[in-house]
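Student: Enclosed is the structure file query_31.csv (CSV, C-alpha atoms and all ligand atoms).
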chain,number,residue,atom,x,y,z
A,42,MET,CA,-14.1,-0.1,-19.8
A,43,ALA,CA,-13.6,-2.0,-16.6
A,44,GLU,CA,-15.3,-0.8,-13.5
A,45,ILE,CA,-15.2,-3.2,-10.5
A,46,LYS,CA,-17.9,-2.9,-7.8
A,47,LEU,CA,-17.8,-4.8,-4.5
A,48,ARG,CA,-21.0,-4.8,-2.5
A,49,GLY,CA,-21.1,-6.2,1.0
A,50,VAL,CA,-18.4,-8.6,0.1
A,51,SER,CA,-17.4,-11.0,2.9
A,52,LYS,CA,-15.3,-14.1,3.3
A,53,SER,CA,-15.3,-16.3,6.3
A,54,TRP,CA,-14.0,-19.7,7.2
A,55,GLY,CA,-16.1,-21.1,10.1
A,56,ASP,CA,-16.2,-18.5,12.7
A,57,PHE,CA,-13.2,-16.5,11.4
A,58,ILE,CA,-14.0,-13.5,9.2
A,59,GLY,CA,-11.2,-12.8,6.8
A,60,VAL,CA,-13.0,-10.1,4.8
A,61,ASP,CA,-15.8,-8.2,6.5
A,62,ASN,CA,-18.6,-6.7,4.4
A,63,ILE,CA,-16.6,-4.6,2.0
A,64,ASP,CA,-18.1,-2.0,-0.3
A,65,LEU,CA,-15.8,-0.5,-2.9
A,66,ASP,CA,-16.0,1.0,-6.4
A,67,ILE,CA,-12.8,0.7,-8.4
A,68,ARG,CA,-13.0,3.1,-11.3
A,69,ASP,CA,-12.2,2.4,-15.0
A,70,LYS,CA,-8.5,2.8,-15.6
A,71,GLU,CA,-7.8,3.3,-11.9
A,72,PHE,CA,-4.6,2.1,-10.2
A,73,MET,CA,-6.1,0.9,-6.9
A,74,VAL,CA,-3.8,-0.3,-4.1
A,75,PHE,CA,-5.0,-2.5,-1.2
A,76,LEU,CA,-2.6,-1.7,1.6
A,77,GLY,CA,-2.5,-3.2,5.1
A,78,PRO,CA,-0.6,-5.5,7.5
A,79,SER,CA,-0.3,-9.2,7.1
A,80,GLY,CA,-3.6,-11.0,7.5
A,81,CYS,CA,-5.8,-7.9,6.9
A,82,GLY,CA,-7.7,-9.6,4.0
A,83,LYS,CA,-6.1,-7.9,1.0
A,84,THR,CA,-5.1,-11.0,-0.9
A,85,THR,CA,-8.4,-12.7,-0.2
A,86,THR,CA,-10.3,-9.7,-1.5
A,87,MET,CA,-8.2,-9.7,-4.7
A,88,ARG,CA,-8.6,-13.5,-5.1
A,89,MET,CA,-12.3,-13.0,-4.9
A,90,ILE,CA,-12.1,-10.5,-7.7
A,91,ALA,CA,-10.1,-13.0,-9.7
A,92,GLY,CA,-12.6,-15.8,-9.0
A,93,LEU,CA,-10.0,-17.9,-7.2
A,94,GLU,CA,-12.0,-17.6,-4.0
A,95,ASP,CA,-15.8,-17.5,-3.6
A,96,PRO,CA,-17.3,-14.8,-1.4
A,97,THR,CA,-19.4,-16.1,1.5
A,98,GLY,CA,-21.5,-12.9,1.2
A,99,GLY,CA,-22.1,-10.0,-1.2
A,100,ASP,CA,-21.5,-9.5,-4.9
A,101,ILE,CA,-18.7,-8.5,-7.2
A,102,SER,CA,-19.4,-7.0,-10.6
A,103,ILE,CA,-17.2,-6.0,-13.5
A,104,ASP,CA,-18.7,-3.5,-15.8
A,105,GLY,CA,-22.1,-4.1,-14.3
A,106,GLU,CA,-22.0,-7.8,-14.8
A,107,SER,CA,-22.2,-9.9,-11.6
A,108,MET,CA,-19.2,-12.3,-11.4
A,109,THR,CA,-21.0,-14.6,-8.9
A,110,ASP,CA,-21.5,-17.3,-11.5
A,111,VAL,CA,-18.6,-16.6,-13.7
A,112,ASP,CA,-15.6,-18.9,-13.5
A,113,ALA,CA,-12.1,-17.6,-12.9
A,114,ARG,CA,-11.0,-18.5,-16.4
A,115,ASP,CA,-13.9,-16.7,-17.9
A,116,ARG,CA,-13.2,-13.4,-16.2
A,117,ASP,CA,-11.2,-11.1,-18.3
A,118,VAL,CA,-8.5,-10.5,-15.6
A,119,ALA,CA,-4.8,-11.3,-15.6
A,120,MET,CA,-2.8,-11.9,-12.4
A,121,VAL,CA,0.8,-11.2,-11.6
A,122,PHE,CA,2.2,-12.9,-8.4
A,123,GLN,CA,5.1,-12.4,-6.2
A,124,SER,CA,6.5,-15.8,-7.3
A,125,TYR,CA,6.7,-15.1,-11.0
A,126,ALA,CA,5.1,-18.5,-11.8
A,127,LEU,CA,6.8,-18.8,-15.2
A,128,TYR,CA,7.1,-22.3,-16.8
A,129,PRO,CA,10.7,-23.3,-16.3
A,130,ASN,CA,10.9,-25.5,-19.4
A,131,MET,CA,9.5,-22.9,-21.8
A,132,SER,CA,11.4,-20.1,-23.4
A,133,ILE,CA,10.4,-16.5,-22.4
A,134,TYR,CA,8.7,-16.3,-25.8
A,135,GLU,CA,6.5,-19.4,-25.1
A,136,ASN,CA,5.8,-18.2,-21.6
A,137,ILE,CA,4.5,-14.9,-22.9
A,138,ARG,CA,2.5,-16.6,-25.7
A,139,PHE,CA,0.9,-19.1,-23.4
A,140,PRO,CA,-2.2,-17.1,-22.4
A,141,LEU,CA,-2.9,-16.4,-26.1
A,142,LYS,CA,-3.1,-20.1,-26.8
A,143,MET,CA,-5.2,-20.7,-23.7
A,144,ARG,CA,-7.7,-18.1,-24.8
A,145,GLY,CA,-7.9,-19.3,-28.4
A,146,ILE,CA,-6.5,-16.1,-29.9
A,147,PRO,CA,-5.8,-16.7,-33.7
A,148,ALA,CA,-2.3,-18.1,-34.1
A,149,GLY,CA,-1.5,-15.5,-36.8
A,150,ASP,CA,-1.7,-12.7,-34.2
A,151,HIS,CA,0.6,-14.4,-31.7
A,152,ASP,CA,4.0,-13.3,-32.9
A,153,ARG,CA,3.0,-9.7,-33.1
A,154,LEU,CA,1.3,-9.6,-29.7
A,155,VAL,CA,4.2,-11.4,-28.0
A,156,ARG,CA,6.8,-9.1,-29.4
A,157,GLN,CA,4.7,-6.0,-28.6
A,158,ALA,CA,4.3,-7.1,-24.9
A,159,ALA,CA,8.0,-8.0,-24.6
A,160,ASP,CA,9.1,-4.6,-26.0
A,161,MET,CA,6.9,-2.9,-23.6
A,162,VAL,CA,8.8,-4.4,-20.7
A,163,GLU,CA,12.1,-4.2,-22.5
A,164,LEU,CA,12.7,-7.9,-22.9
A,165,GLY,CA,12.7,-8.0,-26.7
A,166,GLN,CA,16.2,-9.5,-26.8
A,167,TYR,CA,15.7,-12.2,-24.2
A,168,LEU,CA,12.8,-14.1,-25.9
A,169,ASP,CA,14.8,-17.2,-26.6
A,170,ARG,CA,16.1,-17.7,-23.1
A,171,LYS,CA,14.6,-19.9,-20.4
A,172,PRO,CA,13.5,-18.2,-17.2
A,173,ARG,CA,16.5,-19.5,-15.2
A,174,ALA,CA,18.8,-17.6,-17.5
A,175,LEU,CA,17.2,-14.3,-16.5
A,176,SER,CA,17.7,-12.1,-13.5
A,177,GLY,CA,14.9,-11.6,-10.9
A,178,GLY,CA,13.9,-8.3,-12.4
A,179,GLN,CA,13.8,-9.7,-15.9
A,180,ARG,CA,11.7,-12.7,-14.7
A,181,GLN,CA,9.3,-10.3,-13.1
A,182,ARG,CA,9.1,-8.3,-16.3
A,183,ALA,CA,8.4,-11.6,-18.2
A,184,ALA,CA,5.6,-12.3,-15.8
A,185,LEU,CA,4.2,-8.8,-16.5
A,186,ALA,CA,4.5,-9.3,-20.3
A,187,ARG,CA,2.5,-12.5,-19.9
A,188,ALA,CA,-0.2,-10.5,-18.1
A,189,ILE,CA,-0.1,-7.7,-20.7
A,190,VAL,CA,-0.1,-9.8,-23.8
A,191,ARG,CA,-3.8,-10.5,-24.1
A,192,GLN,CA,-4.9,-7.1,-23.1
A,193,PRO,CA,-7.2,-8.0,-20.3
A,194,GLN,CA,-9.8,-5.7,-18.8
A,195,VAL,CA,-8.2,-5.9,-15.4
A,196,PHE,CA,-4.7,-6.5,-13.9
A,197,LEU,CA,-4.5,-8.1,-10.5
A,198,MET,CA,-1.1,-7.9,-8.9
A,199,ASP,CA,-0.2,-9.5,-5.6
A,200,GLU,CA,3.0,-8.1,-4.1
A,201,PRO,CA,4.7,-8.4,-7.5
A,202,LEU,CA,7.9,-6.6,-6.5
A,203,SER,CA,8.6,-8.1,-3.1
A,204,ASN,CA,11.1,-10.7,-4.3
A,205,LEU,CA,13.3,-8.1,-5.9
A,206,ASP,CA,16.2,-6.3,-4.2
A,207,ALA,CA,15.6,-2.8,-3.0
A,208,LYS,CA,17.2,-1.0,-6.0
A,209,LEU,CA,15.5,-3.1,-8.6
A,210,ARG,CA,12.2,-2.6,-6.8
A,211,LEU,CA,12.5,1.2,-7.3
A,212,THR,CA,13.2,0.8,-11.1
A,213,MET,CA,10.4,-1.8,-11.6
A,214,ARG,CA,8.0,0.4,-9.6
A,215,ALA,CA,8.4,3.3,-12.0
A,216,GLN,CA,8.2,1.0,-15.0
A,217,LEU,CA,5.0,-0.6,-13.7
A,218,LYS,CA,3.4,2.8,-13.2
A,219,HIS,CA,4.5,3.9,-16.7
A,220,ILE,CA,3.1,0.8,-18.3
A,221,GLN,CA,-0.2,1.0,-16.5
A,222,ARG,CA,-0.6,4.6,-17.6
A,223,GLN,CA,0.1,3.6,-21.2
A,224,LEU,CA,-2.3,0.7,-21.3
A,225,GLU,CA,-4.9,2.4,-19.1
A,226,THR,CA,-5.9,-1.0,-17.7
A,227,THR,CA,-7.8,-1.0,-14.4
A,228,THR,CA,-5.4,-2.4,-11.9
A,229,VAL,CA,-5.7,-3.8,-8.4
A,230,TYR,CA,-2.4,-4.0,-6.6
A,231,VAL,CA,-1.9,-5.7,-3.2
A,232,THR,CA,1.0,-4.6,-0.9
A,233,HIS,CA,2.0,-4.2,2.7
A,234,ASP,CA,4.6,-1.6,1.7
A,235,GLN,CA,3.2,1.8,2.3
A,236,ILE,CA,5.9,3.5,0.1
A,237,GLU,CA,4.9,1.3,-2.8
A,238,ALA,CA,1.2,2.1,-2.2
A,239,MET,CA,1.9,5.9,-2.0
A,240,THR,CA,3.9,6.0,-5.2
A,241,LEU,CA,1.8,3.7,-7.4
A,242,ALA,CA,-1.8,4.4,-6.4
A,243,ASP,CA,-4.5,6.6,-7.8
A,244,ARG,CA,-6.3,5.6,-4.6
A,245,ILE,CA,-5.4,3.5,-1.6
A,246,ALA,CA,-7.8,1.3,0.3
A,247,VAL,CA,-6.1,1.0,3.7
A,248,MET,CA,-7.3,-2.3,5.2
A,249,ASN,CA,-7.3,-3.5,8.8
A,250,LYS,CA,-8.9,-6.7,10.2
A,251,GLY,CA,-11.0,-7.5,7.0
A,252,LYS,CA,-12.3,-3.9,6.6
A,253,ILE,CA,-11.4,-0.9,4.6
A,254,GLN,CA,-10.3,1.6,7.3
A,255,GLN,CA,-9.8,4.5,4.8
A,256,LEU,CA,-10.2,4.9,1.1
A,257,GLY,CA,-8.5,7.9,-0.5
A,258,THR,CA,-5.8,9.3,-2.7
A,259,PRO,CA,-2.2,8.9,-1.3
A,260,ASP,CA,-2.4,12.6,-0.4
A,261,GLU,CA,-5.6,12.1,1.5
A,262,VAL,CA,-4.5,9.1,3.5
A,263,TYR,CA,-1.2,10.7,4.3
A,264,ASN,CA,-2.4,14.2,5.1
A,265,ASN,CA,-5.8,13.5,6.5
A,266,PRO,CA,-5.8,10.1,8.3
A,267,ASN,CA,-9.3,9.2,9.6
A,268,HIS,CA,-8.0,6.8,12.2
A,269,LEU,CA,-5.1,6.0,14.5
A,270,PHE,CA,-4.4,2.9,12.5
A,271,VAL,CA,-4.0,4.7,9.2
A,272,ALA,CA,-1.9,7.4,10.9
A,273,GLY,CA,0.5,4.9,12.3
A,274,PHE,CA,0.7,2.7,9.2
A,275,ILE,CA,1.5,5.3,6.6
A,276,GLY,CA,4.7,7.3,6.6
A,277,SER,CA,8.3,6.4,7.1
A,278,PRO,CA,9.3,6.8,9.8
A,279,PRO,CA,5.7,6.6,10.9
A,280,MET,CA,3.7,9.4,12.6
A,281,ASN,CA,4.6,9.9,16.3
A,282,LEU,CA,1.7,9.1,18.5
A,283,ILE,CA,1.8,10.7,22.0
A,284,PRO,CA,-0.9,9.7,24.5
A,285,GLY,CA,-2.4,12.4,26.7
A,286,ALA,CA,-5.5,14.5,27.4
A,287,LEU,CA,-7.2,17.7,26.4
A,288,GLU,CA,-7.4,20.3,29.1
A,289,ASN,CA,-9.5,23.3,28.1
A,290,GLY,CA,-8.4,22.9,24.5
A,291,ASP,CA,-4.7,22.3,25.3
A,292,PHE,CA,-3.2,18.9,24.6
A,293,VAL,CA,-1.2,17.8,27.6
A,294,GLY,CA,1.0,14.7,27.4
A,295,PRO,CA,4.4,13.5,28.6
A,296,ASP,CA,6.9,16.4,28.1
A,297,THR,CA,4.3,17.8,25.7
A,298,ARG,CA,1.9,20.8,25.8
A,299,VAL,CA,0.2,22.2,22.7
A,300,LYS,CA,-2.0,25.2,23.3
A,301,GLY,CA,-5.3,25.3,21.4
A,302,ALA,CA,-4.8,21.8,19.9
A,303,GLY,CA,-8.4,20.9,20.2
A,304,GLN,CA,-11.6,21.9,22.0
A,305,GLY,CA,-12.8,21.3,25.6
A,306,SER,CA,-11.5,18.7,28.0
A,307,ARG,CA,-11.3,14.9,27.6
A,308,ALA,CA,-9.1,12.1,28.8
A,309,ASN,CA,-7.5,9.4,26.6
A,310,VAL,CA,-6.5,11.4,23.6
A,311,VAL,CA,-3.6,10.6,21.3
A,312,LEU,CA,-1.7,13.4,19.5
A,313,GLY,CA,-0.2,12.5,16.2
A,314,VAL,CA,2.6,14.5,14.5
A,315,ARG,CA,4.8,13.5,11.6
A,316,PRO,CA,8.6,13.5,11.9
A,317,GLU,CA,8.8,16.2,9.1
A,318,ASP,CA,6.4,18.5,11.0
A,319,MET,CA,8.6,18.7,14.1
A,320,GLU,CA,11.0,21.6,14.0
A,321,ILE,CA,13.9,21.8,16.4
A,322,VAL,CA,13.6,25.2,18.3
A,323,PRO,CA,14.9,27.0,21.4
A,324,THR,CA,13.4,25.6,24.6
A,325,GLN,CA,11.0,28.4,25.3
A,326,ASP,CA,9.2,27.9,21.9
A,327,GLY,CA,8.9,24.1,22.2
A,328,HIS,CA,5.7,22.0,22.3
A,329,LEU,CA,7.8,19.1,23.3
A,330,ILE,CA,10.7,19.7,25.6
A,331,SER,CA,12.9,16.7,26.5
A,332,LYS,CA,16.3,15.1,25.9
A,333,LEU,CA,18.0,13.8,22.9
A,334,TYR,CA,18.2,10.0,22.6
A,335,SER,CA,20.0,9.5,19.3
A,336,LEU,CA,20.9,11.0,16.0
A,337,GLU,CA,20.9,9.1,12.7
A,338,PRO,CA,22.3,11.0,9.7
A,339,THR,CA,20.7,9.5,6.5
A,340,GLY,CA,22.4,11.8,4.0
A,341,ASP,CA,19.5,14.1,3.1
A,342,VAL,CA,18.1,14.5,6.6
A,343,THR,CA,19.1,13.6,10.2
A,344,LEU,CA,16.7,11.4,12.1
A,345,VAL,CA,16.5,12.9,15.6
A,346,THR,CA,15.1,10.7,18.3
A,347,ALA,CA,14.1,12.1,21.6
A,348,TRP,CA,12.2,11.2,24.7
A,349,ALA,CA,8.5,12.0,25.2
A,350,GLY,CA,8.1,10.8,28.8
A,351,GLU,CA,8.9,7.1,28.6
A,352,GLN,CA,8.5,6.7,24.9
A,353,LEU,CA,10.5,7.9,22.0
A,354,VAL,CA,9.6,10.2,19.1
A,355,VAL,CA,11.4,10.8,15.9
A,356,ALA,CA,11.8,14.1,14.0
A,357,LYS,CA,13.4,14.8,10.7
A,358,GLY,CA,16.1,17.4,11.4
A,359,SER,CA,18.4,19.1,8.9
A,360,ARG,CA,21.2,17.3,7.2
A,361,VAL,CA,23.7,19.1,9.3
A,362,PHE,CA,22.0,19.0,12.7
A,363,ARG,CA,24.4,17.6,15.3
A,364,GLN,CA,24.1,17.5,19.1
A,365,GLU,CA,25.3,15.2,21.9
A,366,VAL,CA,23.1,12.5,23.2
A,367,ASP,CA,21.2,13.5,26.5
A,368,THR,CA,21.3,17.2,25.8
A,369,PRO,CA,18.0,19.1,26.2
A,370,ILE,CA,16.1,19.5,23.0
A,371,ALA,CA,12.8,21.1,22.1
A,372,PHE,CA,10.4,20.7,19.1
A,373,LYS,CA,7.7,22.9,17.7
A,374,PHE,CA,4.9,21.2,15.8
A,375,ALA,CA,3.9,22.7,12.5
A,376,PRO,CA,0.6,24.6,12.7
A,377,GLY,CA,-2.3,22.6,11.2
A,378,ARG,CA,-0.2,19.4,11.2
A,379,VAL,CA,-1.2,18.0,14.6
A,380,PHE,CA,-3.8,15.3,14.6
A,381,LEU,CA,-5.9,14.2,17.5
A,382,PHE,CA,-7.4,10.8,18.0
A,383,ASP,CA,-9.7,9.2,20.5
A,384,GLY,CA,-7.5,6.8,22.4
A,385,GLU,CA,-10.3,4.3,22.9
A,386,SER,CA,-11.9,4.0,19.4
A,387,GLY,CA,-8.9,5.3,17.4
A,388,ASN,CA,-11.2,7.7,15.5
A,389,ARG,CA,-10.0,11.1,14.6
A,390,ILE,CA,-11.3,13.9,16.8
B,401,LIG,P1,-0.5,-11.2,3.7
B,401,LIG,O1,0.0,-9.8,3.5
B,401,LIG,O2,0.1,-11.9,4.9
B,401,LIG,O3,-0.7,-12.0,2.5
B,401,LIG,P2,-3.3,-10.5,3.6
B,401,LIG,O4,-3.8,-9.2,4.1
B,401,LIG,O5,-3.2,-10.7,2.1
B,401,LIG,O6,-2.0,-10.9,4.3
B,401,LIG,P3,-5.2,-12.7,3.5
B,401,LIG,O7,-4.3,-13.7,2.8
B,401,LIG,O8,-6.3,-12.1,2.7
B,401,LIG,O9,-4.4,-11.6,4.2
B,401,LIG,O10,-5.9,-13.4,4.7
B,401,LIG,C1,-6.8,-12.8,5.6
B,401,LIG,C2,-7.1,-13.6,6.8
B,401,LIG,O11,-7.8,-14.8,6.4
B,401,LIG,C3,-5.8,-14.2,7.4
B,401,LIG,O12,-6.0,-14.0,8.8
B,401,LIG,C4,-5.7,-15.6,7.0
B,401,LIG,O13,-5.1,-16.4,8.0
B,401,LIG,C5,-7.1,-16.0,6.8
B,401,LIG,N1,-7.2,-17.0,5.8
B,401,LIG,C6,-6.8,-16.9,4.5
B,401,LIG,N2,-7.1,-18.0,3.8
B,401,LIG,C7,-7.7,-18.9,4.6
B,401,LIG,C8,-8.2,-20.2,4.6
B,401,LIG,N3,-8.2,-20.9,3.4
B,401,LIG,N4,-8.7,-20.8,5.7
B,401,LIG,C9,-8.8,-20.1,6.8
B,401,LIG,N5,-8.3,-18.8,7.0
B,401,LIG,C10,-7.8,-18.2,5.9
Now that the file is in, can you turn its structure into structure tokens?

Tutor:
Amino acid sequence: MAEIKLRGVSKSWGDFIGVDNIDLDIRDKEFMVFLGPSGCGKTTTMRMIAGLEDPTGGDISIDGESMTDVDARDRDVAMVFQSYALYPNMSIYENIRFPLKMRGIPAGDHDRLVRQAADMVELGQYLDRKPRALSGGQRQRAALARAIVRQPQVFLMDEPLSNLDAKLRLTMRAQLKHIQRQLETTTVYVTHDQIEAMTLADRIAVMNKGKIQQLGTPDEVYNNPNHLFVAGFIGSPPMNLIPGALENGDFVGPDTRVKGAGQGSRANVVLGVRPEDMEIVPTQDGHLISKLYSLEPTGDVTLVTAWAGEQLVVAKGSRVFRQEVDTPIAFKFAPGRVFLFDGESGNRI
């Protein structure tokens, strides 16, 4: 069991508030991802769970026990960092064994535990090597094995894949998810990469300016964003955000008119629509009617960029869609897939 509870957790330095009064329950066995832009407070929150940073307010508990007076080294958590932090002069075997020695685990168990952890990350045949004789991906797996080896209650991972090349990141991502499911260890994972968050998480805490803006499953944050910030942060390419107004329930914006999009009339409304929810249609059926700006074939889809007044919007068109730049183009938005936000507060309407 490892349930982590944050209650009113804050961290400030002088006047600057890095983490602002966070309440969060991380469930036993859960893969929780902290997602947000640089500086939003995700690393600080994780370091407070690890005990590497003291909160200036609030309380963190693991399995009902307050961690306030528990030293980092006495918390049953293992961390994996972006910089693998392996000891260069030790073999991979000794690197993986190190936490067992530190924790005073009986020496007779070491060999079995080290080999078990190494097998889990498929490093069994590299145990005699020094870290410099491994590839980046292998080093990251060694760092993971070192975290796994003593079977901690909690894994804390800070952008562990960000030093790997794009292809390796995909492989390691799947492997990481597989291992976490096998071990069933409660995991907190920090990233600014929304694809990583979507693919790994049971739940995502989307953070902005020291607060959790939305907490939900990947499906919930993608399909039901509660705020303009979440809508714009998640998705690739991101959601199109078109400023305008509601006029008797119709959204009216640059080159855009959507009948019955909302209720009543109000100014300063932002309409959000995802690229995959914009269908290219004959002009008379369009919600957005403008001109083509560019086409980018990616292999499986064609990214179709068009004007919406003075800004650009992106749609995912079919793999075979081709048109000349500057030709008229119209898009229909999928029913039920249009989101409205208050332009002032950013809140969903
Ligand atoms: P990144 O993805 O860039 O690591 P992050 O979301 O993890 O960002 P944090 O490292 O948690 O962000 O930092 C949150 C805020 O707190 C940042 O604005 C940062 O500058 C500030 N901060 C972090 N540590 C300190 C410190 N020791 N003193 C003052 N400010 C700090």

Student: Kindly compile the residues surrounding ligand LIG 401 (chain B) within 9 Å, counting all atoms listed in the file, and format them as a ChimeraX atom specification.

Tutor: /A:52-55,57-60,75-88,94,199-200,231-233,248-251

Student: At a cut-off of 12 Å, can you tabulate as a tab-separated table every residue of segment 306-327 of chain A near segment 271-276 of chain A together with its closest atom pair and the distance in Å to one decimal, using all atoms listed in the file and ordering rows by chain then number?

Tutor:
residue	atom	partner	partner_atom	distance
A:Val311	CA	A:Ala272	CA	11.0
A:Leu312	CA	A:Ala272	CA	10.5
A:Gly313	CA	A:Ala272	CA	7.5
A:Val314	CA	A:Ala272	CA	9.1
A:Arg315	CA	A:Gly276	CA	8.0
A:Pro316	CA	A:Gly276	CA	9.0
A:Glu317	CA	A:Gly276	CA	10.1

Student: Figure out the distance between atom CA of Ala119 of chain A and atom CA of Arg187 of chain A, please, to one decimal in Å.

Tutor: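 Taking atom CA of Arg187 of chain A and atom CA of Ala119 of chain A, their separation equals 8.6 Å.
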
Student: Interatomic distance between atom CA of Gln364 of chain A and atom CA of Arg378 of chain A?

Tutor: 25.6 Å

Student: Could you give me, as a list in words, the residues within 10 Å of Val342 of chain A, counting only C-alpha atoms and dropping anything in the same chain fewer than 6 positions from it?

Tutor: Glu317, Ala356, Lys357, Gly358, Ser359, Arg360, Val361 and Phe362 of chain A

Student: Report the distance between atom CA of Asp383 of chain A and atom CA of Asn309 of chain A in Å, rounded to one decimal place.

Tutor: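 Those two atoms sit 6.5 Å apart.
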
Student: Sorted by chain and rising residue number, which residues of segment 133-225 of chain A lie within 12 Å of segment 122-127 of chain A, and what are their closest atom pairs and distances in Å to one decimal, counting all atoms listed in the file, as a Markdown table?

Tutor:
| residue | atom | partner | partner_atom | distance |
| --- | --- | --- | --- | --- |
| A:Ile133 | CA | A:Leu127 | CA | 8.4 |
| A:Tyr134 | CA | A:Leu127 | CA | 11.1 |
| A:Glu135 | CA | A:Leu127 | CA | 9.9 |
| A:Asn136 | CA | A:Leu127 | CA | 6.5 |
| A:Ile137 | CA | A:Leu127 | CA | 8.9 |
| A:Arg138 | CA | A:Leu127 | CA | 11.6 |
| A:Phe139 | CA | A:Leu127 | CA | 10.1 |
| A:Pro140 | CA | A:Leu127 | CA | 11.7 |
| A:Lys171 | CA | A:Leu127 | CA | 9.4 |
| A:Pro172 | CA | A:Leu127 | CA | 7.0 |
| A:Arg173 | CA | A:Leu127 | CA | 9.7 |
| A:Leu175 | CA | A:Leu127 | CA | 11.4 |
| A:Ser176 | CA | A:Tyr125 | CA | 11.7 |
| A:Gly177 | CA | A:Tyr125 | CA | 8.9 |
| A:Gly178 | CA | A:Tyr125 | CA | 10.0 |
| A:Gln179 | CA | A:Tyr125 | CA | 10.2 |
| A:Arg180 | CA | A:Tyr125 | CA | 6.7 |
| A:Gln181 | CA | A:Tyr125 | CA | 5.8 |
| A:Arg182 | CA | A:Tyr125 | CA | 8.9 |
| A:Ala183 | CA | A:Leu127 | CA | 8.0 |
| A:Ala184 | CA | A:Tyr125 | CA | 5.7 |
| A:Leu185 | CA | A:Tyr125 | CA | 8.7 |
| A:Ala186 | CA | A:Leu127 | CA | 11.0 |
| A:Arg187 | CA | A:Leu127 | CA | 9.0 |
| A:Ala188 | CA | A:Phe122 | CA | 10.3 |
| A:Phe196 | CA | A:Phe122 | CA | 10.9 |
| A:Leu197 | CA | A:Phe122 | CA | 8.5 |
| A:Met198 | CA | A:Phe122 | CA | 6.0 |
| A:Asp199 | CA | A:Phe122 | CA | 5.0 |
| A:Glu200 | CA | A:Gln123 | CA | 5.2 |
| A:Pro201 | CA | A:Gln123 | CA | 4.2 |
| A:Leu202 | CA | A:Gln123 | CA | 6.4 |
| A:Ser203 | CA | A:Gln123 | CA | 6.4 |
| A:Asn204 | CA | A:Gln123 | CA | 6.5 |
| A:Leu205 | CA | A:Gln123 | CA | 9.3 |

Student: I need the residue nearest Thr227 of chain A from this list: A:Arg156, A:Ile67, A:Met120, A:Pro323. Use all atoms listed in the file for the distance.

Tutor: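 When distances to Thr227 of chain A are compared using all atoms listed in the file, the smallest one comes from A:Ile67.
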
Student: Residues near segment 375-377 of chain A, anyone? I mean within 12 Å using all atoms listed in the file, not counting same-chain ones fewer than 6 positions away, as a list of chain:residue names.

Tutor: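 Selected residues are A:Asn264, A:Asn265, A:Val299, A:Lys300, A:Gly301, A:Ala302, A:Gly303, A:Gly313, A:Val314, A:Arg315, A:Pro316, A:Glu317, A:Asp318, A:Met319, A:Glu320, A:Ile321, A:Val322, A:Asp326, A:Gly327, A:His328, A:Ala356.
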
Student: Which is closer to Asp104 of chain A than all the others in A:Asp260, A:Glu44, A:Asp296, A:Asp66, using all atoms listed in the file?

Tutor: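 Nearest candidate to Asp104 of chain A out of A:Asp260, A:Glu44, A:Asp296, A:Asp66: A:Glu44.
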
Student: Would you mind listing what lies within 7 Å of His268 of chain A as a PyMOL selection string, with all atoms listed in the file counted and same-chain residues fewer than 2 positions away left out?

Tutor: chain A and resi 266+270-272+387-389

Student: What residues have an atom no more than 12 Å from (15.8, 15.1, 29.1) in the file's own frame, counting only C-alpha atoms, and can you write them as a PyMOL selection string?

Tutor: chain A and resi 295-296+324+329-334+346-353+365-371

Student: Leu224 of chain A: which residues within 12 Å, counting all atoms listed in the file, same-chain residues fewer than 4 positions away excluded, as JSON, numbers by chain?

Tutor: {"A": [42, 69, 70, 71, 72, 158, 161, 188, 189, 190, 191, 192, 193, 194, 195, 196, 217, 218, 219, 220, 228]}

Student: Hey, which of A:Asn281, A:Ala238, A:Val50, A:Val118 ends up closest to Val262 of chain A? Count all atoms listed in the file.

Tutor: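 The answer is A:Ala238, which sits nearest to Val262 of chain A.
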
Student: Please reconstruct the missing atoms of segment 291-297 of chain A (target: N, CA and C atoms) and return them as a CSV table (one decimal), in the coordinates of the input.

Tutor:
chain,number,residue,atom,x,y,z
A,291,ASP,N,-6.2,22.6,25.4
A,291,ASP,CA,-4.7,22.3,25.3
A,291,ASP,C,-4.5,20.8,25.3
A,292,PHE,N,-3.6,20.3,24.5
A,292,PHE,CA,-3.2,18.9,24.6
A,292,PHE,C,-2.0,18.9,25.6
A,293,VAL,N,-2.2,18.0,26.6
A,293,VAL,CA,-1.2,17.8,27.6
A,293,VAL,C,-0.8,16.3,27.6
A,294,GLY,N,0.5,16.1,27.4
A,294,GLY,CA,1.0,14.7,27.4
A,294,GLY,C,2.4,14.7,28.0
A,295,PRO,N,3.1,13.6,28.0
A,295,PRO,CA,4.4,13.5,28.6
A,295,PRO,C,5.4,14.5,27.9
A,296,ASP,N,6.0,15.4,28.6
A,296,ASP,CA,6.9,16.4,28.1
A,296,ASP,C,6.3,17.3,27.0
A,297,THR,N,5.0,17.2,26.9
A,297,THR,CA,4.3,17.8,25.7
A,297,THR,C,3.2,18.7,26.2
